[in-house]
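> CSV, C-alpha atoms, file query38.csv:
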chain,number,residue,atom,x,y,z
D,1,MET,CA,10.1,58.0,97.0
D,2,LYS,CA,8.1,58.3,100.2
D,3,HIS,CA,7.0,61.1,102.5
D,4,ASN,CA,4.1,61.3,104.9
D,5,LEU,CA,1.2,63.5,103.9
D,6,GLU,CA,-2.1,64.2,105.7
D,7,ASP,CA,-4.8,62.2,104.0
D,8,GLY,CA,-8.0,62.4,106.1
D,9,PRO,CA,-7.5,61.7,109.8
D,10,ALA,CA,-4.3,59.7,109.5
D,11,LYS,CA,-0.9,60.2,107.9
D,12,VAL,CA,-0.1,57.8,105.0
D,13,PRO,CA,3.1,57.5,103.0
D,14,ALA,CA,3.2,59.1,99.6
D,15,ARG,CA,5.1,56.7,97.5
D,16,ILE,CA,4.3,57.8,94.0
D,17,PHE,CA,4.5,61.3,92.5
D,18,GLY,CA,3.4,62.2,89.0
D,19,PRO,CA,1.5,64.7,86.9
D,20,ALA,CA,-1.8,66.4,87.7
D,21,PRO,CA,-4.8,64.1,87.2
D,22,SER,CA,-5.7,66.0,84.0
D,23,GLU,CA,-2.3,65.6,82.5
D,24,TYR,CA,-0.4,62.7,81.0
D,25,ALA,CA,3.2,63.7,81.5
D,26,SER,CA,5.4,66.8,81.7
D,27,THR,CA,6.0,69.5,79.0
D,28,LEU,CA,9.7,69.0,78.8
D,29,PRO,CA,9.6,67.5,75.3
D,30,GLU,CA,7.6,70.5,74.0
D,31,ILE,CA,10.1,72.9,75.7
D,32,ILE,CA,13.1,71.2,74.2
D,33,ASP,CA,11.4,71.1,70.8
D,34,ASP,CA,10.8,74.8,70.5
D,35,GLY,CA,13.9,75.9,72.3
D,36,SER,CA,11.9,78.1,74.7
D,37,TRP,CA,14.2,77.7,77.7
D,38,ASN,CA,17.2,79.7,79.0
D,39,SER,CA,18.8,77.4,81.6
D,40,GLU,CA,18.9,73.9,82.9
D,41,ASP,CA,17.4,75.0,86.2
D,42,GLU,CA,14.4,76.2,84.2
D,43,LEU,CA,13.9,72.7,82.9
D,44,ALA,CA,14.2,71.3,86.4
D,45,SER,CA,11.7,73.7,87.8
D,46,THR,CA,9.2,72.9,85.1
D,47,TYR,CA,9.6,69.2,85.8
D,48,MET,CA,9.2,69.5,89.5
D,49,GLU,CA,6.2,71.8,89.2
D,50,GLU,CA,4.4,69.4,86.8
D,51,MET,CA,5.3,66.1,88.4
D,52,CYS,CA,4.8,66.9,92.1
D,53,TYR,CA,1.3,65.4,92.6
D,54,ALA,CA,1.2,62.7,95.2
D,55,HIS,CA,-1.0,59.7,94.6
D,56,LEU,CA,-2.7,58.7,97.9
D,57,PRO,CA,-5.6,56.4,98.9
D,58,GLY,CA,-7.9,59.4,99.1
D,59,GLY,CA,-6.9,60.8,95.7
D,60,VAL,CA,-4.2,62.9,94.1
D,61,ARG,CA,-3.0,66.2,95.5
D,62,GLU,CA,-0.2,68.6,94.9
D,63,ALA,CA,2.8,68.1,97.1
D,64,GLY,CA,5.6,70.2,95.8
D,65,ASP,CA,7.6,70.6,99.1
D,66,GLU,CA,7.4,66.9,99.8
D,67,PHE,CA,8.4,66.0,96.3
D,68,ARG,CA,11.5,68.3,96.5
D,69,ARG,CA,12.5,66.8,99.9
D,70,ASN,CA,12.3,63.3,98.5
D,71,LEU,CA,14.4,64.3,95.4
D,72,GLN,CA,17.2,65.7,97.7
D,73,ARG,CA,17.7,62.2,99.1
D,74,VAL,CA,18.0,60.4,95.7
D,75,GLU,CA,21.4,59.0,94.9
D,76,VAL,CA,20.6,56.8,91.8
D,77,VAL,CA,18.2,57.4,88.9
D,78,ALA,CA,17.5,54.1,87.1
D,79,GLN,CA,15.5,53.2,84.0
D,80,GLU,CA,14.7,49.7,82.8
D,81,ARG,CA,15.1,48.9,79.1
D,82,ASP,CA,13.0,45.7,78.6
D,83,ASN,CA,12.4,45.9,74.8
D,84,VAL,CA,14.9,45.5,72.1
D,85,GLU,CA,12.8,47.5,69.7
D,86,TYR,CA,13.6,50.8,71.5
D,87,GLU,CA,16.8,52.5,72.3
D,88,VAL,CA,16.9,55.3,74.9
D,89,THR,CA,17.2,57.8,72.1
D,90,ASP,CA,14.1,56.6,70.3
D,91,LEU,CA,11.5,58.2,72.5
D,92,ASP,CA,11.4,61.6,74.2
D,93,HIS,CA,9.9,60.0,77.3
D,94,TYR,CA,13.4,58.6,78.2
D,95,TYR,CA,15.0,61.9,78.6
D,96,GLU,CA,11.8,63.4,79.9
D,97,PHE,CA,11.7,61.2,83.0
D,98,MET,CA,15.3,60.0,83.4
D,99,GLY,CA,16.5,63.4,82.5
D,100,GLY,CA,13.8,65.3,84.4
D,101,LEU,CA,14.5,63.5,87.6
D,102,THR,CA,18.3,63.9,87.2
D,103,SER,CA,18.1,67.6,86.4
D,104,SER,CA,15.7,68.2,89.3
D,105,ILE,CA,18.0,66.4,91.8
D,106,ARG,CA,21.1,68.3,90.7
D,107,SER,CA,19.3,71.7,90.7
D,108,LEU,CA,18.4,71.1,94.3
D,109,GLY,CA,22.0,70.6,95.2
D,110,GLY,CA,22.0,66.8,95.1
D,111,SER,CA,24.2,64.4,93.3
D,112,CYS,CA,23.1,61.2,91.5
D,113,SER,CA,24.3,58.7,89.1
D,114,VAL,CA,22.1,57.6,86.2
D,115,ARG,CA,21.9,53.9,85.3
D,116,VAL,CA,20.0,51.9,82.7
D,117,VAL,CA,19.0,48.4,83.6
D,118,ASP,CA,18.9,46.2,80.5
D,119,SER,CA,16.6,43.2,80.9
D,120,THR,CA,16.3,42.3,77.3
D,121,GLU,CA,18.5,39.2,77.8
D,122,ASP,CA,18.5,36.4,80.3
D,123,GLU,CA,21.0,38.3,82.4
D,124,LEU,CA,20.5,41.8,83.7
D,125,TYR,CA,23.0,44.4,82.7
D,126,VAL,CA,23.4,47.8,84.5
D,127,GLU,CA,25.2,50.4,82.5
D,128,GLY,CA,25.9,54.1,82.7
D,129,LEU,CA,23.8,56.4,80.6
D,130,GLU,CA,26.8,57.7,78.5
D,131,GLU,CA,27.6,54.2,77.3
D,132,VAL,CA,23.9,53.4,76.5
D,133,ILE,CA,23.5,56.7,74.6
D,134,GLY,CA,26.7,56.0,72.6
D,135,ARG,CA,25.5,52.6,71.6
D,136,ALA,CA,22.0,53.9,70.7
D,137,ALA,CA,23.6,56.5,68.4
D,138,ARG,CA,25.6,53.8,66.6
D,139,CYS,CA,22.5,51.6,66.2
D,140,ARG,CA,20.4,54.4,64.9
D,141,VAL,CA,21.5,57.7,63.4
D,142,LEU,CA,25.1,56.5,62.7
D,143,ASN,CA,24.0,53.2,61.3
D,144,PRO,CA,23.8,53.2,57.4
D,145,ARG,CA,21.3,50.3,57.3
D,146,TRP,CA,19.0,52.0,59.8
D,147,LEU,CA,19.2,55.3,57.8
D,148,ASP,CA,18.5,53.4,54.6
D,149,GLY,CA,15.4,51.9,56.2
D,150,MET,CA,14.1,55.2,57.4
D,151,LEU,CA,14.7,57.0,54.1
D,152,ALA,CA,12.6,54.3,52.3
D,153,HIS,CA,9.6,56.1,53.9
D,154,ASP,CA,8.8,59.5,52.3
D,155,TYR,CA,8.7,62.4,54.7
D,156,HIS,CA,8.3,60.4,57.9
D,157,GLY,CA,11.7,58.8,57.4
D,158,ALA,CA,13.7,62.0,57.8
D,159,LYS,CA,11.4,63.2,60.5
D,160,ASN,CA,12.2,60.0,62.5
D,161,ILE,CA,15.9,60.7,62.1
D,162,LYS,CA,15.4,64.3,63.2
D,163,ASP,CA,13.6,63.1,66.3
D,164,ARG,CA,16.6,61.0,67.4
D,165,VAL,CA,18.9,64.0,67.0
D,166,GLU,CA,16.5,66.2,69.1
D,167,HIS,CA,16.4,63.5,71.8
D,168,LEU,CA,20.2,63.8,72.0
D,169,LEU,CA,19.8,67.4,72.8
D,170,GLY,CA,17.2,66.6,75.4
D,171,PHE,CA,19.6,64.2,77.1
D,172,SER,CA,22.4,66.8,77.0
D,173,ALA,CA,20.1,69.4,78.6
D,174,THR,CA,18.8,67.2,81.4
D,175,THR,CA,21.7,64.8,82.1
D,176,GLY,CA,24.9,66.0,80.3
D,177,ALA,CA,25.4,62.4,79.3
D,178,VAL,CA,26.0,62.8,75.5
D,179,GLU,CA,29.7,62.6,74.7
D,180,ASN,CA,31.2,65.0,72.3
D,181,TRP,CA,32.1,62.4,69.7
D,182,VAL,CA,28.4,61.6,69.3
D,183,TYR,CA,27.6,65.0,68.0
D,184,ASP,CA,30.8,65.0,65.9
D,185,ASP,CA,29.7,61.8,64.1
D,186,VAL,CA,26.1,62.9,63.8
D,187,ALA,CA,27.1,66.1,62.1
D,188,GLU,CA,29.5,64.3,59.8
D,189,THR,CA,27.0,61.5,58.9
D,190,LEU,CA,23.8,63.5,58.5
D,191,ILE,CA,24.7,67.0,57.5
D,192,LEU,CA,28.3,67.3,56.3
D,193,ASP,CA,28.1,64.2,54.1
D,194,ASP,CA,26.9,65.6,50.7
D,195,GLU,CA,25.1,62.4,49.6
D,196,MET,CA,23.3,61.8,52.9
D,197,ARG,CA,22.3,65.4,53.2
D,198,ARG,CA,20.8,65.3,49.7
D,199,ARG,CA,18.8,62.1,50.5
D,200,ILE,CA,17.5,63.6,53.7
D,201,THR,CA,16.6,66.9,52.1
D,202,GLU,CA,14.8,65.1,49.2
D,203,ASN,CA,12.9,63.0,51.8
D,204,ASN,CA,11.9,65.9,54.0
D,205,PRO,CA,13.6,69.3,53.6
D,206,PHE,CA,12.0,70.7,56.8
D,207,ALA,CA,13.5,67.8,58.8
D,208,ALA,CA,16.9,68.5,57.2
D,209,VAL,CA,16.7,72.1,58.3
D,210,ARG,CA,15.7,71.2,61.8
D,211,MET,CA,18.6,68.7,62.2
D,212,GLY,CA,21.0,71.5,61.3
D,213,GLU,CA,19.3,73.9,63.7
D,214,ILE,CA,19.5,71.3,66.5
D,215,LEU,CA,23.2,70.8,66.0
D,216,LEU,CA,23.7,74.6,66.0
D,217,GLU,CA,21.7,75.0,69.1
D,218,THR,CA,23.6,72.1,70.8
D,219,ALA,CA,26.9,74.0,70.1
D,220,GLU,CA,25.5,77.3,71.2
D,221,ARG,CA,24.3,75.9,74.5
D,222,GLY,CA,27.7,74.4,75.1
D,223,TYR,CA,26.9,70.7,74.8
D,224,TRP,CA,29.0,70.2,71.7
D,225,ASP,CA,32.5,71.5,71.3
D,226,ALA,CA,32.6,71.8,67.5
D,227,PRO,CA,35.3,73.6,65.4
D,228,ASP,CA,34.2,77.0,64.1
D,229,GLU,CA,34.6,75.8,60.5
D,230,VAL,CA,32.1,73.0,61.1
D,231,ILE,CA,29.6,75.3,62.7
D,232,GLU,CA,29.9,77.7,59.7
D,233,ARG,CA,29.4,74.8,57.2
D,234,ILE,CA,26.3,73.6,59.0
D,235,ARG,CA,24.9,77.2,59.2
D,236,GLU,CA,25.6,77.7,55.4
D,237,MET,CA,23.9,74.4,54.5
D,238,VAL,CA,20.8,75.2,56.6
D,239,LEU,CA,20.5,78.6,54.9
D,240,ASN,CA,20.9,76.9,51.5
D,241,ILE,CA,18.1,74.4,52.2
D,242,GLU,CA,15.9,77.2,53.5
D,243,TYR,CA,16.6,79.3,50.4
D,244,GLU,CA,15.6,76.4,48.1
D,245,LEU,CA,12.3,76.0,50.1
D,246,GLU,CA,11.3,79.6,49.4
The structure in this file should be written as structure tokens.

Amino acid sequence: MKHNLEDGPAKVPARIFGPAPSEYASTLPEIIDDGSWNSEDELASTYMEEMCYAHLPGGVREAGDEFRRNLQRVEVVAQERDNVEYEVTDLDHYYEFMGGLTSSIRSLGGSCSVRVVDSTEDELYVEGLEEVIGRAARCRVLNPRWLDGMLAHDYHGAKNIKDRVEHLLGFSATTGAVENWVYDDVAETLILDDEMRRRITENNPFAAVRMGEILLETAERGYWDAPDEVIERIREMVLNIEYELE
């Protein structure tokens, strides 16, 4: 993105926008984590306010108006995946930046497609975000071998599983790119399956509770169209685990 800003006596193009010099990134992951947001526009506003600092030869300065004007011209948001060790659901930074940009563009009245460029093989593949998220879910939270590997690590294993579920919510909130079947299968695999729920709870009961809460929040916010009986089962299971913790 580029826009001219005054930098000393001459105008220079501002090509790179990012957080304030004292910050590393945005606070979107923290907001998603604690559920302290009411609308998608609120998430977009937070991203734009925190990432609107232009990097110029003379230093870094806030440039909110210029950042927003640039965002209104964006038609494609793209992210490269160059490492087979990470799926887009593995790190919150993926939805933070891909999603933050997408949410901001749409909140300003723009329209953009979201693509992931896979450079992990000899040939480049460009895919839609929905397809990439679906595959990531199958490779991680819906993969019995991956789940077994995670649960071999006390406490942290279930936390890592919980993190991936939370990242799905982050993607839903910022891009709307998580298809309904993903949440159906996540609920069935992690919470509604008695044996897997028992293993997760024994590994880390707090993570088990949080997974259930995330699924309930996802449904309440309209990102998951789940049957009422499924919601009630999850709510009951969360309450039972919380009761056992007391």
> Please indicate the distance in Å from CA of Ser45 in chain D to CA of Phe97 in chain D, rounded to one decimal place.
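We find that CA of Ser45 in chain D and CA of Phe97 in chain D lie 13.4 Å from each other.
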> Name the closest residue to Ala152 in chain D among the candidates D:Val178, D:Val186, D:Arg199, D:Arg135; distances are taken between atoms, counting only C-alpha atoms.
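Of the candidates, the smallest distance to Ala152 in chain D is held by D:Arg199.
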> Can I get the residues of range 163-206 of chain D within 12 Å of range 24-36 of chain D, each with the closest pair of atoms and their distance in Å to one decimal, using only C-alpha atoms, sorted chain first then ascending number, as JSON lines?

{"residue": "D:Asp163", "atom": "CA", "partner": "D:Asp33", "partner_atom": "CA", "distance": 9.4}
{"residue": "D:Arg164", "atom": "CA", "partner": "D:Asp33", "partner_atom": "CA", "distance": 11.9}
{"residue": "D:Val165", "atom": "CA", "partner": "D:Asp33", "partner_atom": "CA", "distance": 11.0}
{"residue": "D:Glu166", "atom": "CA", "partner": "D:Asp33", "partner_atom": "CA", "distance": 7.3}
{"residue": "D:His167", "atom": "CA", "partner": "D:Pro29", "partner_atom": "CA", "distance": 8.6}
{"residue": "D:Leu168", "atom": "CA", "partner": "D:Ile32", "partner_atom": "CA", "distance": 10.5}
{"residue": "D:Leu169", "atom": "CA", "partner": "D:Ile32", "partner_atom": "CA", "distance": 7.8}
{"residue": "D:Gly170", "atom": "CA", "partner": "D:Ile32", "partner_atom": "CA", "distance": 6.3}
{"residue": "D:Phe171", "atom": "CA", "partner": "D:Ile32", "partner_atom": "CA", "distance": 10.0}
{"residue": "D:Ser172", "atom": "CA", "partner": "D:Ile32", "partner_atom": "CA", "distance": 10.7}
{"residue": "D:Ala173", "atom": "CA", "partner": "D:Ile32", "partner_atom": "CA", "distance": 8.5}
{"residue": "D:Thr174", "atom": "CA", "partner": "D:Leu28", "partner_atom": "CA", "distance": 9.6}
> Which residues are near Tyr86 in chain D? Cut-off 12 Å, only C-alpha atoms, ignore same chain within fewer than 4 positions. Put them as a PDB file with C-alpha atoms, in the coordinates of the input.

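Wrote it out as selection16.pdb, contents follow:
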ATOM      1  CA  GLU D  80      14.700  49.700  82.800  1.00  0.00           C
ATOM      2  CA  ARG D  81      15.100  48.900  79.100  1.00  0.00           C
ATOM      3  CA  ASP D  82      13.000  45.700  78.600  1.00  0.00           C
ATOM      4  CA  ASP D  90      14.100  56.600  70.300  1.00  0.00           C
ATOM      5  CA  LEU D  91      11.500  58.200  72.500  1.00  0.00           C
ATOM      6  CA  ASP D  92      11.400  61.600  74.200  1.00  0.00           C
ATOM      7  CA  HIS D  93       9.900  60.000  77.300  1.00  0.00           C
ATOM      8  CA  TYR D  94      13.400  58.600  78.200  1.00  0.00           C
ATOM      9  CA  ASP D 118      18.900  46.200  80.500  1.00  0.00           C
ATOM     10  CA  THR D 120      16.300  42.300  77.300  1.00  0.00           C
ATOM     11  CA  VAL D 132      23.900  53.400  76.500  1.00  0.00           C
ATOM     12  CA  ILE D 133      23.500  56.700  74.600  1.00  0.00           C
ATOM     13  CA  ALA D 136      22.000  53.900  70.700  1.00  0.00           C
ATOM     14  CA  ALA D 137      23.600  56.500  68.400  1.00  0.00           C
ATOM     15  CA  CYS D 139      22.500  51.600  66.200  1.00  0.00           C
ATOM     16  CA  ARG D 140      20.400  54.400  64.900  1.00  0.00           C
ATOM     17  CA  ARG D 164      16.600  61.000  67.400  1.00  0.00           C
TER      18      ARG D 164
END
> Name the closest residue to Glu131 in chain D among the candidates D:Val114, D:Val74, D:Glu236, D:His156; distances are taken between atoms, counting only C-alpha atoms.
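The shortest atom-to-atom distance to Glu131 in chain D comes from D:Val114.
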> Tell me which of D:Val84, D:Ala78, D:Ala14, D:Met237 sits closest to Glu66 in chain D, counting all atoms listed in the file.
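Ranking D:Val84, D:Ala78, D:Ala14, D:Met237 by distance to Glu66 in chain D, first place goes to D:Ala14.
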> Between CA of Gly109 in chain D and CA of Glu40 in chain D, what is the distance in Å, rounded to a tenth?
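Interatomic distance here is 13.1 Å.
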> Could you tell me which of D:Ala44, D:Val88, D:Val209, D:Met196 comes closest to Tyr243 in chain D if we count only C-alpha atoms?
D:Val209
> Write out as a VMD selection string which residues come within 12 Å of Ala219 in chain D when counting all atoms listed in the file, dropping same-chain ones fewer than 3 positions away.
chain D and resid 169 172 to 173 180 183 to 184 187 212 to 216 222 to 228 230 to 232 234 to 235
> Got a minute to add all heavy atoms to range 29-40 of chain D and dump it as a short mmCIF file (atom, residue, chain, number, x, y, z; two decimals), in the frame of the given file?

data_model
loop_
_atom_site.label_atom_id
_atom_site.label_comp_id
_atom_site.auth_asym_id
_atom_site.auth_seq_id
_atom_site.Cartn_x
_atom_site.Cartn_y
_atom_site.Cartn_z
N PRO D 29 9.38 67.73 76.70
CA PRO D 29 9.60 67.50 75.30
C PRO D 29 9.21 68.73 74.41
O PRO D 29 9.91 69.09 73.45
CB PRO D 29 8.80 66.29 74.92
CG PRO D 29 8.73 65.53 76.20
CD PRO D 29 8.61 66.59 77.26
N GLU D 30 8.09 69.35 74.76
CA GLU D 30 7.60 70.50 74.00
C GLU D 30 8.62 71.69 74.17
O GLU D 30 8.92 72.42 73.22
CB GLU D 30 6.25 70.95 74.45
CG GLU D 30 5.13 70.02 74.02
CD GLU D 30 4.92 68.87 74.99
OE1 GLU D 30 5.77 68.67 75.90
OE2 GLU D 30 3.91 68.17 74.85
N ILE D 31 9.13 71.86 75.39
CA ILE D 31 10.10 72.90 75.70
C ILE D 31 11.37 72.72 74.89
O ILE D 31 11.93 73.65 74.29
CB ILE D 31 10.33 73.06 77.16
CG1 ILE D 31 9.05 73.48 77.88
CG2 ILE D 31 11.44 74.06 77.45
CD1 ILE D 31 9.15 73.43 79.39
N ILE D 32 11.87 71.49 74.91
CA ILE D 32 13.10 71.20 74.20
C ILE D 32 12.87 71.39 72.67
O ILE D 32 13.72 71.93 71.96
CB ILE D 32 13.54 69.73 74.43
CG1 ILE D 32 13.98 69.55 75.89
CG2 ILE D 32 14.66 69.32 73.47
CD1 ILE D 32 15.22 70.30 76.28
N ASP D 33 11.71 70.98 72.19
CA ASP D 33 11.40 71.10 70.80
C ASP D 33 11.41 72.50 70.26
O ASP D 33 11.97 72.78 69.18
CB ASP D 33 10.04 70.43 70.49
CG ASP D 33 9.63 70.54 69.03
OD1 ASP D 33 10.38 70.06 68.17
OD2 ASP D 33 8.56 71.12 68.75
N ASP D 34 10.82 73.41 71.03
CA ASP D 34 10.80 74.80 70.50
C ASP D 34 11.86 75.69 71.04
O ASP D 34 11.92 76.87 70.71
CB ASP D 34 9.38 75.42 70.79
CG ASP D 34 9.05 75.54 72.27
OD1 ASP D 34 9.98 75.57 73.10
OD2 ASP D 34 7.85 75.61 72.61
N GLY D 35 12.76 75.13 71.86
CA GLY D 35 13.90 75.90 72.30
C GLY D 35 13.56 77.02 73.28
O GLY D 35 14.37 77.94 73.48
N SER D 36 12.40 76.95 73.90
CA SER D 36 11.90 78.10 74.70
C SER D 36 12.37 77.90 76.19
O SER D 36 11.57 77.87 77.11
CB SER D 36 10.39 78.12 74.69
OG SER D 36 9.82 76.91 75.15
N TRP D 37 13.67 77.79 76.38
CA TRP D 37 14.20 77.70 77.70
C TRP D 37 15.59 78.37 77.74
O TRP D 37 16.30 78.41 76.74
CB TRP D 37 14.32 76.26 78.20
CG TRP D 37 15.11 75.35 77.30
CD1 TRP D 37 14.71 74.82 76.11
CD2 TRP D 37 16.45 74.90 77.52
NE1 TRP D 37 15.72 74.05 75.58
CE2 TRP D 37 16.79 74.07 76.42
CE3 TRP D 37 17.39 75.08 78.54
CZ2 TRP D 37 18.03 73.45 76.31
CZ3 TRP D 37 18.62 74.46 78.43
CH2 TRP D 37 18.93 73.66 77.32
N ASN D 38 15.93 78.93 78.89
CA ASN D 38 17.20 79.70 79.00
C ASN D 38 18.23 78.98 79.85
O ASN D 38 19.41 79.27 79.70
CB ASN D 38 16.89 81.06 79.62
CG ASN D 38 15.97 81.90 78.75
OD1 ASN D 38 16.20 82.02 77.55
ND2 ASN D 38 14.95 82.49 79.34
N SER D 39 17.81 78.10 80.75
CA SER D 39 18.80 77.40 81.60
C SER D 39 18.29 76.04 81.99
O SER D 39 17.10 75.74 81.89
CB SER D 39 18.97 78.26 82.91
OG SER D 39 17.81 78.20 83.72
N GLU D 40 19.22 75.22 82.43
CA GLU D 40 18.90 73.90 82.90
C GLU D 40 18.01 73.91 84.13
O GLU D 40 17.14 73.05 84.32
CB GLU D 40 20.15 73.07 83.11
CG GLU D 40 20.92 72.81 81.81
CD GLU D 40 22.31 72.27 82.06
OE1 GLU D 40 22.66 72.06 83.25
OE2 GLU D 40 23.03 72.04 81.07
#
